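Engineer: Below: one structure in structure tokens.
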Amino acid sequence: MNTEQPLNPLHGVKLEQVITDLVDTFGWEVLAEQVNLNCFKDKPSVKSSLKFLRKTPWARDKVESLYVYAIVRGKPLRSQEAYQAKLRSSPKAAPMSAPKSVPKPTSKSGAINSNIWKTSS
């Protein structure tokens with residue numbers, strides 16, 4: 001069986017290394033702000049984080065996504081306040097206006113849609 005994953009940036013990287021790199025780069029406070037998990041907020045440690053993330057796939061996905069975004073791709077992280085401020089300052093979509101009324105087609109007999117029914121008279 002071929003287990004090569006050339007396009008997977010997490011291939012060969014252990015979860016412990018992911019957490020360690022994130023903590024060394026950003027610290028526990030920034031990590032807790034970016035990924036809202038109690039294992040990063042309340043008495044954080046690598047051991048407790050590993051235990052929680054191994055049992056919780058959705059949380060592990062968030063942490064791995066942050067690792068790929070910030071460490072592998074080198075993108076800068078924004079604080080949640082900066083992100084929320086950007087959302088508030090972005091222009092809102094223009095409210096949709098009420099649809100214009102379209103005149104209803106009527107035939108000689110006055111029945112609606114009678115023009116689509118071809119009846120020989």
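Starting from 1 in every chain, residues are counted up; chains themselves are A, B, ... following the order of the structure tokens, and ligands are numbered from 1 as listed.
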Report as a list in words all protein, DNA and RNA residues lying within 12 Å of A:Val72, evaluated on only C-alpha atoms, omitting residues in the same chain fewer than 2 positions from it.
Structural biologist: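 These residues fall inside the cut-off: Asn8, Pro9, Leu10, His11, Val13, Val18, Asp21, Leu22, Glu64, Ser65, Leu66, Tyr67, Val68, Tyr69, Ala70, Gly74, Lys75 and Pro76 of chain A.
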Engineer: Output N, CA and C atoms for every residue in that selection, as a CSV table (one decimal), in the first residue's frame.
Structural biologist:
chain,number,residue,atom,x,y,z
A,8,ASN,N,0.3,16.8,1.4
A,8,ASN,CA,-0.2,17.0,2.8
A,8,ASN,C,0.8,17.7,3.6
A,9,PRO,N,0.6,18.9,4.1
A,9,PRO,CA,1.7,19.6,4.8
A,9,PRO,C,1.8,19.0,6.3
A,10,LEU,N,0.9,18.2,6.7
A,10,LEU,CA,1.0,17.7,8.0
A,10,LEU,C,1.6,16.3,8.0
A,11,HIS,N,1.9,15.7,6.9
A,11,HIS,CA,2.4,14.4,6.8
A,11,HIS,C,3.7,14.3,7.5
A,13,VAL,N,4.3,15.0,10.6
A,13,VAL,CA,4.3,15.9,11.7
A,13,VAL,C,3.4,15.4,12.8
A,18,VAL,N,3.1,19.8,16.5
A,18,VAL,CA,2.2,20.9,16.1
A,18,VAL,C,1.9,21.8,17.3
A,21,ASP,N,5.1,23.7,18.5
A,21,ASP,CA,5.5,24.8,17.5
A,21,ASP,C,4.6,26.0,17.7
A,22,LEU,N,3.3,25.7,17.9
A,22,LEU,CA,2.3,26.8,18.1
A,22,LEU,C,2.6,27.6,19.4
A,64,GLU,N,-4.9,21.9,13.8
A,64,GLU,CA,-4.1,21.6,12.6
A,64,GLU,C,-4.2,22.7,11.6
A,65,SER,N,-5.4,23.2,11.4
A,65,SER,CA,-5.7,24.2,10.4
A,65,SER,C,-4.9,25.5,10.8
A,66,LEU,N,-4.9,25.8,12.0
A,66,LEU,CA,-4.1,27.0,12.5
A,66,LEU,C,-2.6,26.8,12.3
A,67,TYR,N,-2.1,25.6,12.5
A,67,TYR,CA,-0.7,25.3,12.3
A,67,TYR,C,-0.4,25.4,10.8
A,68,VAL,N,-1.2,24.9,9.9
A,68,VAL,CA,-0.9,25.0,8.5
A,68,VAL,C,-1.0,26.5,8.1
A,69,TYR,N,-1.9,27.2,8.5
A,69,TYR,CA,-2.1,28.6,8.1
A,69,TYR,C,-0.9,29.4,8.6
A,70,ALA,N,-0.6,29.3,9.9
A,70,ALA,CA,0.4,30.2,10.5
A,70,ALA,C,1.8,29.7,10.4
A,74,GLY,N,3.1,30.5,6.8
A,74,GLY,CA,3.7,31.8,7.3
A,74,GLY,C,2.7,33.0,7.3
A,75,LYS,N,1.4,32.7,7.4
A,75,LYS,CA,0.5,33.9,7.4
A,75,LYS,C,0.4,34.5,8.8
A,76,PRO,N,0.3,35.8,8.9
A,76,PRO,CA,0.2,36.4,10.2
A,76,PRO,C,-1.2,36.2,10.9
Engineer: Can you work out which one of A:Gln17, A:Ser49, A:Gly12, A:Leu7 has the shortest atom-to-atom distance to A:Leu31, counting only C-alpha atoms?
Structural biologist: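 Among A:Gln17, A:Ser49, A:Gly12, A:Leu7, it is A:Ser49 that comes nearest to A:Leu31.
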Engineer: Atom CA of A:Asn38 to atom CA of A:Thr56: how many Å, to one decimal?
Structural biologist: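 Between these atoms lies a distance of 12.5 Å.
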Engineer: Using only C-alpha atoms, which residue out of A:Val30, A:Val35, A:Thr25, A:Glu16 lies closest to A:Asp61?
Structural biologist: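 Ranked by minimum distance to A:Asp61, first place goes to A:Val35.
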Engineer: For each of A:Arg88, A:Phe40, A:Glu4, A:Ala59, take the minimum atom-to-atom distance to A:Phe26, counting only C-alpha atoms, then give the residue where this is smallest.
Structural biologist: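 Ranked by minimum distance to A:Phe26, first place goes to A:Phe40.
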